[in-house]
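Enquirer: Okay, so here is query-v7.pdb, and as you'll see once you scroll down, it has PDB, C-alpha atoms, pLDDT in the B column.
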MODEL        1
ATOM      1  CA  MET A 563     101.656  84.777 112.266  1.00 74.00           C
ATOM      2  CA  ARG A 564     102.760  86.792 109.239  1.00 83.00           C
ATOM      3  CA  THR A 565     100.987  89.881 107.914  1.00 86.00           C
ATOM      4  CA  THR A 566     101.941  91.520 104.622  1.00 88.00           C
ATOM      5  CA  TYR A 567     101.254  95.144 103.678  1.00 89.00           C
ATOM      6  CA  ARG A 568     101.467  96.152 100.014  1.00 90.00           C
ATOM      7  CA  MET A 569     101.786  99.509  98.289  1.00 90.00           C
ATOM      8  CA  ARG A 570      98.732 101.447  97.200  1.00 90.00           C
ATOM      9  CA  PRO A 571      97.832 100.105  93.713  1.00 89.00           C
ATOM     10  CA  GLY A 572      96.809 103.546  92.459  1.00 88.00           C
ATOM     11  CA  ARG A 573     100.459 104.622  92.494  1.00 89.00           C
ATOM     12  CA  PHE A 574     101.026 102.386  89.461  1.00 93.00           C
ATOM     13  CA  LEU A 575      98.164 103.451  87.165  1.00 94.00           C
ATOM     14  CA  GLY A 576     100.666 105.237  84.938  1.00 95.00           C
ATOM     15  CA  ILE A 577     102.250 101.968  83.786  1.00 96.00           C
ATOM     16  CA  PRO A 578      99.264 100.517  81.883  1.00 96.00           C
ATOM     17  CA  ALA A 579      98.439 104.059  80.718  1.00 96.00           C
ATOM     18  CA  ALA A 580     101.911 104.322  79.164  1.00 97.00           C
ATOM     19  CA  GLY A 581     101.347 100.963  77.463  1.00 97.00           C
ATOM     20  CA  LEU A 582      98.070 102.219  76.014  1.00 97.00           C
ATOM     21  CA  ILE A 583      99.860 105.295  74.685  1.00 97.00           C
ATOM     22  CA  ILE A 584     102.418 103.055  72.973  1.00 97.00           C
ATOM     23  CA  LEU A 585      99.575 101.026  71.467  1.00 97.00           C
ATOM     24  CA  GLY A 586      98.098 104.319  70.228  1.00 96.00           C
ATOM     25  CA  VAL A 587     101.438 105.109  68.584  1.00 96.00           C
ATOM     26  CA  ALA A 588     101.233 101.678  66.899  1.00 96.00           C
ATOM     27  CA  ALA A 589      97.814 102.621  65.513  1.00 96.00           C
ATOM     28  CA  ILE A 590      99.179 105.922  64.220  1.00 96.00           C
ATOM     29  CA  THR A 591     102.162 104.199  62.559  1.00 95.00           C
ATOM     30  CA  TRP A 592      99.721 101.765  60.899  1.00 95.00           C
ATOM     31  CA  ALA A 593      97.496 104.651  59.753  1.00 96.00           C
ATOM     32  CA  ILE A 594     100.369 106.543  58.096  1.00 95.00           C
ATOM     33  CA  GLY A 595     101.624 103.381  56.411  1.00 93.00           C
ATOM     34  CA  LEU A 596     104.962 102.686  58.088  1.00 94.00           C
ATOM     35  CA  PRO A 597     106.502  99.219  57.580  1.00 95.00           C
ATOM     36  CA  ALA A 598     104.927  96.247  59.381  1.00 95.00           C
ATOM     37  CA  ALA A 599     108.111  95.678  61.431  1.00 96.00           C
ATOM     38  CA  VAL A 600     107.784  99.122  63.054  1.00 95.00           C
ATOM     39  CA  ILE A 601     104.098  98.568  63.789  1.00 95.00           C
ATOM     40  CA  THR A 602     104.854  95.123  65.254  1.00 96.00           C
ATOM     41  CA  VAL A 603     107.527  96.538  67.557  1.00 96.00           C
ATOM     42  CA  PHE A 604     105.128  99.152  68.929  1.00 96.00           C
ATOM     43  CA  LEU A 605     102.366  96.552  69.344  1.00 97.00           C
ATOM     44  CA  VAL A 606     104.605  94.098  71.190  1.00 97.00           C
ATOM     45  CA  VAL A 607     106.197  96.725  73.459  1.00 97.00           C
ATOM     46  CA  GLY A 608     102.841  98.393  74.179  1.00 97.00           C
ATOM     47  CA  GLY A 609     101.164  95.055  74.898  1.00 97.00           C
ATOM     48  CA  LEU A 610     103.944  93.972  77.256  1.00 97.00           C
ATOM     49  CA  VAL A 611     103.851  97.268  79.131  1.00 97.00           C
ATOM     50  CA  VAL A 612     100.047  97.055  79.525  1.00 97.00           C
ATOM     51  CA  LEU A 613     100.239  93.453  80.762  1.00 97.00           C
ATOM     52  CA  GLY A 614     103.086  94.277  83.143  1.00 96.00           C
ATOM     53  CA  GLY A 615     101.156  97.264  84.479  1.00 96.00           C
ATOM     54  CA  LEU A 616      98.019  95.196  85.028  1.00 96.00           C
ATOM     55  CA  TYR A 617     100.073  92.589  86.905  1.00 96.00           C
ATOM     56  CA  ILE A 618     101.550  95.286  89.163  1.00 95.00           C
ATOM     57  CA  LEU A 619      98.073  96.742  89.773  1.00 93.00           C
ATOM     58  CA  ALA A 620      96.780  93.294  90.726  1.00 93.00           C
ATOM     59  CA  ARG A 621      99.784  92.506  92.931  1.00 93.00           C
ATOM     60  CA  PRO A 622     101.553  95.692  94.099  1.00 92.00           C
ATOM     61  CA  PRO A 623     105.044  95.527  95.638  1.00 91.00           C
ATOM     62  CA  VAL A 624     105.343  94.582  99.315  1.00 90.00           C
ATOM     63  CA  VAL A 625     106.118  97.463 101.691  1.00 89.00           C
ATOM     64  CA  LEU A 626     106.520  95.429 104.869  1.00 91.00           C
ATOM     65  CA  LYS A 627     105.957  92.037 106.447  1.00 91.00           C
ATOM     66  CA  LEU A 628     105.163  91.603 110.125  1.00 90.00           C
ATOM     67  CA  ARG A 629     106.326  88.330 111.644  1.00 87.00           C
ATOM     68  CA  ASP A 630     106.261  87.107 115.230  1.00 84.00           C
ATOM     69  CA  ASP A 631     109.979  87.688 115.857  1.00 85.00           C
ATOM     70  CA  ASP A 632     110.916  90.367 113.295  1.00 88.00           C
ATOM     71  CA  ILE A 633     109.708  92.988 110.844  1.00 90.00           C
ATOM     72  CA  ASP A 634     110.782  93.100 107.199  1.00 90.00           C
ATOM     73  CA  VAL A 635     110.589  96.580 105.651  1.00 88.00           C
ATOM     74  CA  ARG A 636     111.512  96.647 101.949  1.00 84.00           C
ATOM     75  CA  GLY A 637     113.858  93.704 102.418  1.00 83.00           C
ATOM     76  CA  VAL A 638     115.549  94.829 105.651  1.00 84.00           C
ATOM     77  CA  ARG A 639     114.742  92.522 108.574  1.00 88.00           C
ATOM     78  CA  THR A 640     114.855  93.901 112.117  1.00 88.00           C
ATOM     79  CA  PRO A 641     114.098  91.869 115.273  1.00 88.00           C
ATOM     80  CA  TRP A 642     111.241  93.240 117.395  1.00 86.00           C
ATOM     81  CA  THR A 643     113.579  93.350 120.385  1.00 86.00           C
ATOM     82  CA  ASP A 644     115.674  96.000 118.559  1.00 88.00           C
ATOM     83  CA  VAL A 645     112.645  98.262 117.941  1.00 87.00           C
ATOM     84  CA  THR A 646     112.107 100.723 120.796  1.00 86.00           C
ATOM     85  CA  GLU A 647     109.266 102.968 119.601  1.00 86.00           C
ATOM     86  CA  VAL A 648     106.602 103.334 116.916  1.00 86.00           C
ATOM     87  CA  GLY A 649     105.316 106.760 115.961  1.00 86.00           C
ATOM     88  CA  ARG A 650     104.671 109.237 113.172  1.00 89.00           C
ATOM     89  CA  VAL A 651     106.996 111.852 111.748  1.00 90.00           C
ATOM     90  CA  GLU A 652     106.744 114.502 109.092  1.00 92.00           C
ATOM     91  CA  THR A 653     109.287 114.094 106.272  1.00 89.00           C
ATOM     92  CA  THR A 654     110.010 115.996 103.067  1.00 90.00           C
ATOM     93  CA  HIS A 655     107.799 113.451 101.259  1.00 85.00           C
ATOM     94  CA  GLY A 656     104.884 113.725 103.692  1.00 90.00           C
ATOM     95  CA  GLU A 657     103.886 111.851 106.807  1.00 92.00           C
ATOM     96  CA  ALA A 658     105.577 108.532 107.647  1.00 91.00           C
ATOM     97  CA  ILE A 659     105.391 105.834 110.295  1.00 90.00           C
ATOM     98  CA  VAL A 660     108.748 105.576 112.038  1.00 89.00           C
ATOM     99  CA  LEU A 661     110.158 102.570 113.829  1.00 88.00           C
ATOM    100  CA  ARG A 662     112.925 103.763 116.099  1.00 88.00           C
ATOM    101  CA  THR A 663     115.576 101.188 116.890  1.00 86.00           C
ATOM    102  CA  ARG A 664     118.214 100.943 119.585  1.00 85.00           C
ATOM    103  CA  GLN A 665     120.665 102.540 117.166  1.00 82.00           C
ATOM    104  CA  LYS A 666     119.273 106.031 116.608  1.00 76.00           C
ATOM    105  CA  GLU A 667     120.689 106.340 113.085  1.00 78.00           C
ATOM    106  CA  HIS A 668     118.900 103.156 111.953  1.00 82.00           C
ATOM    107  CA  SER A 669     115.293 104.332 112.226  1.00 85.00           C
ATOM    108  CA  ILE A 670     112.947 102.731 109.698  1.00 86.00           C
ATOM    109  CA  LEU A 671     110.470 104.912 107.790  1.00 88.00           C
ATOM    110  CA  VAL A 672     107.292 103.716 106.085  1.00 89.00           C
ATOM    111  CA  PRO A 673     105.681 106.558 104.089  1.00 90.00           C
ATOM    112  CA  VAL A 674     101.938 106.739 104.784  1.00 90.00           C
ATOM    113  CA  ALA A 675     101.294 107.694 101.127  1.00 89.00           C
ATOM    114  CA  TRP A 676     102.555 104.261 100.061  1.00 89.00           C
ATOM    115  CA  LEU A 677      99.840 102.429 102.002  1.00 89.00           C
ATOM    116  CA  ALA A 678      96.212 101.928 101.037  1.00 83.00           C
ATOM    117  CA  PRO A 679      93.886 104.453 102.746  1.00 79.00           C
ATOM    118  CA  GLY A 680      92.468 102.078 105.399  1.00 83.00           C
ATOM    119  CA  GLN A 681      95.737 100.346 106.224  1.00 85.00           C
ATOM    120  CA  THR A 682      97.520 103.089 108.162  1.00 86.00           C
ATOM    121  CA  ALA A 683      95.551 102.839 111.420  1.00 85.00           C
ATOM    122  CA  THR A 684      95.502  99.038 111.243  1.00 87.00           C
ATOM    123  CA  LEU A 685      99.260  98.940 110.659  1.00 88.00           C
ATOM    124  CA  GLU A 686     100.005 101.272 113.575  1.00 87.00           C
ATOM    125  CA  THR A 687      97.882  99.154 115.921  1.00 85.00           C
ATOM    126  CA  ALA A 688      99.542  95.939 114.732  1.00 86.00           C
ATOM    127  CA  LEU A 689     103.011  97.486 115.112  1.00 88.00           C
ATOM    128  CA  ARG A 690     102.306  98.625 118.672  1.00 86.00           C
ATOM    129  CA  ASP A 691     100.762  95.274 119.636  1.00 84.00           C
ATOM    130  CA  ARG A 692     103.732  93.318 118.301  1.00 85.00           C
ATOM    131  CA  LEU A 693     106.190  95.732 119.896  1.00 85.00           C
ATOM    132  CA  ASN A 694     104.422  95.404 123.268  1.00 82.00           C
ATOM    133  CA  SER A 695     104.378  91.619 123.120  1.00 81.00           C
ATOM    134  CA  ALA A 696     108.076  91.503 122.076  1.00 79.00           C
ATOM    135  CA  HIS A 697     109.028  93.538 125.149  1.00 76.00           C
ATOM    136  CA  GLY A 698     106.573  91.788 127.493  1.00 74.00           C
ATOM    137  CA  TYR A 699     104.211  94.738 127.971  1.00 75.00           C
ATOM    138  CA  THR A 700     100.492  94.300 128.549  1.00 69.00           C
ATOM    139  CA  ILE A 701      97.613  96.756 128.489  1.00 68.00           C
ATOM    140  CA  TRP A 702      96.639  97.820 131.991  1.00 68.00           C
ATOM    141  CA  ASP A 703      92.957  97.106 132.589  1.00 66.00           C
ATOM    142  CA  GLY A 704      92.666  99.504 135.549  1.00 68.00           C
ATOM    143  CA  THR A 705      92.612  96.864 138.266  1.00 69.00           C
ATOM    144  CA  ALA A 706      95.113  96.289 141.048  1.00 62.00           C
ATOM    145  CA  PRO A 707      97.133  93.070 141.073  1.00 62.00           C
ATOM    146  CA  GLU A 708      95.918  90.277 143.338  1.00 67.00           C
ATOM    147  CA  GLY A 709      97.961  88.748 146.119  1.00 63.00           C
ATOM    148  CA  GLU A 710     101.008  90.031 147.890  1.00 63.00           C
ATOM    149  CA  ASP A 711     102.503  91.947 144.970  1.00 57.00           C
ATOM    150  CA  ARG A 712     101.432  95.430 146.121  1.00 56.00           C
ATOM    151  CA  ALA A 713     103.114  98.697 145.410  1.00 55.00           C
ATOM    152  CA  GLU A 714     103.936 100.683 148.548  1.00 55.00           C
TER     153      GLU A 714
ENDMDL
END
Could you show the structure in this file as C-alpha cells?
Expert:
Amino acid sequence: MRTTYRMRPGRFLGIPAAGLIILGVAAITWAIGLPAAVITVFLVVGGLVVLGGLYILARPPVVLKLRDDDIDVRGVRTPWTDVTEVGRVETTHGEAIVLRTRQKEHSILVPVAWLAPGQTATLETALRDRLNSAHGYTIWDGTAPEGEDRAE
C-alpha cells in the first residue's frame, strides 16, 4: 500500500498573487498607452504565472511517499529496515519529524510546517506502524502468551 503526503497548499498562495500583480501591471501599461507588444508580454507572463500557481495550489509538491518496503522523502528512498526511530525534533526552521537511520548522520527531517494541519498526527502514527511492522514488532495487548513460552 502506498500513501502520499503533499505540502500545505497555502505555502504557494504567493504564486498566483504574483501573477495577478503582473496582470495589474499590464492594465497600467495599457492605461498609460504603451505599445501593444509590451502589454501583450505582461498579459502572457501574468496569465502563465496565475495558471501555474493555480496548478500548484491544486496539486502541491509531494513531501513523502510511504510504501510497504521503503519511504521516499523528497526523492530519497530509504528501506524501512534502515530506519531505527521516529520522533520529533526542534530545528532552526521549527518543529520537524525525524526518521533516524542506522547511520546517525543520515537522519531524515520532514518539517511539520510543510504538512497540512491535520496530517501531522496521522503521519506520525503511520510512520510508527510501518516501522513496527518492518521490524516485526506488535502492540502488546496486556495479556500473557499462551502455552509453554513463559518468562521466568
Enquirer: Which is closest to Trp676 (chain A) among A:Leu605, A:Met569, A:Val638, A:Leu613, if we use all atoms listed in the file?
Expert: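 Answer, going by the shortest atom-to-atom distance: A:Met569.
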Enquirer: Give, as lines of an AutoDock Vina configuration file, the centre coordinates and the x, y and z edge lengths in Å to one decimal for an axis-aligned box around all listed atoms of region 650-665 of chain A, padded by 5 Å on each side.
Expert:
center_x = 112.3
center_y = 108.5
center_z = 110.4
size_x = 26.8
size_y = 25.1
size_z = 28.3
Enquirer: Work out how far apart CA of Asp630 (chain A) and CA of Ala675 (chain A) are and give it in Å to one decimal.
Expert: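 CA of Asp630 (chain A) sits 25.4 Å away from CA of Ala675 (chain A).
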Enquirer: Which distance in Å separates CA of Ala588 (chain A) and CA of Phe604 (chain A), to one decimal?
Expert: 5.1 Å
Enquirer: Do a neighbour search on Gln681 (chain A) at 12 Å with all atoms listed in the file, toss out local chain neighbours closer than 2 positions, and write the hits as a list in words.
Expert: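 The residues satisfying every condition are Thr565, Thr566, Tyr567, Arg568, Met569, Arg570, Val625, Leu626, Ile659, Pro673, Val674, Ala675, Trp676, Leu677, Ala678, Pro679, Ala683, Thr684, Leu685, Glu686, Thr687, Ala688 and Leu689 of chain A.
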Enquirer: Work out how far apart CA of Val611 (chain A) and CA of Ala580 (chain A) are and give it in Å to one decimal.
Expert: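 Here the two named atoms are 7.3 Å from each other.
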Enquirer: Write out as a CSV table (one decimal) with C-alpha atoms, keeping the file's coordinate frame the residues lying within 12 Å of His668 (chain A), counting all atoms listed in the file and excluding same-chain residues fewer than 2 positions away.
Expert:
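Listing of out02.csv after writing:
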chain,number,residue,atom,x,y,z
A,638,VAL,CA,115.5,94.8,105.7
A,639,ARG,CA,114.7,92.5,108.6
A,640,THR,CA,114.9,93.9,112.1
A,644,ASP,CA,115.7,96.0,118.6
A,645,VAL,CA,112.6,98.3,117.9
A,646,THR,CA,112.1,100.7,120.8
A,660,VAL,CA,108.7,105.6,112.0
A,661,LEU,CA,110.2,102.6,113.8
A,662,ARG,CA,112.9,103.8,116.1
A,663,THR,CA,115.6,101.2,116.9
A,664,ARG,CA,118.2,100.9,119.6
A,665,GLN,CA,120.7,102.5,117.2
A,666,LYS,CA,119.3,106.0,116.6
A,670,ILE,CA,112.9,102.7,109.7
A,671,LEU,CA,110.5,104.9,107.8
Enquirer: Rank nothing, just name the residue among A:Ile590, A:Leu693, A:Ile584, A:Ala598 nearest to Leu610 (chain A), using all atoms listed in the file.
Expert: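 With all atoms listed in the file as the atom set, the closest residue is A:Ile584.
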Enquirer: Please list as a list in words every residue within 10 Å of Gly609 (chain A), counting all atoms listed in the file and excluding residues in the same chain fewer than 5 positions away.
Expert: Pro578, Gly581, Leu582, Ile584, Leu585, Val603, Phe604, Gly614 and Gly615 of chain A
Enquirer: For Ile633 (chain A), which of A:Arg692, A:Ile583, A:Tyr699, A:Val606 is the closest residue, counting all atoms listed in the file?
Expert: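 Of A:Arg692, A:Ile583, A:Tyr699, A:Val606, the one nearest Ile633 (chain A), counting all atoms listed in the file, is A:Arg692.
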Enquirer: Using all atoms listed in the file, which of the listed residues (A:Gly649, A:Gly637, A:Gly595, A:Gly572) sits closest to Arg690 (chain A)?
Expert: A:Gly649
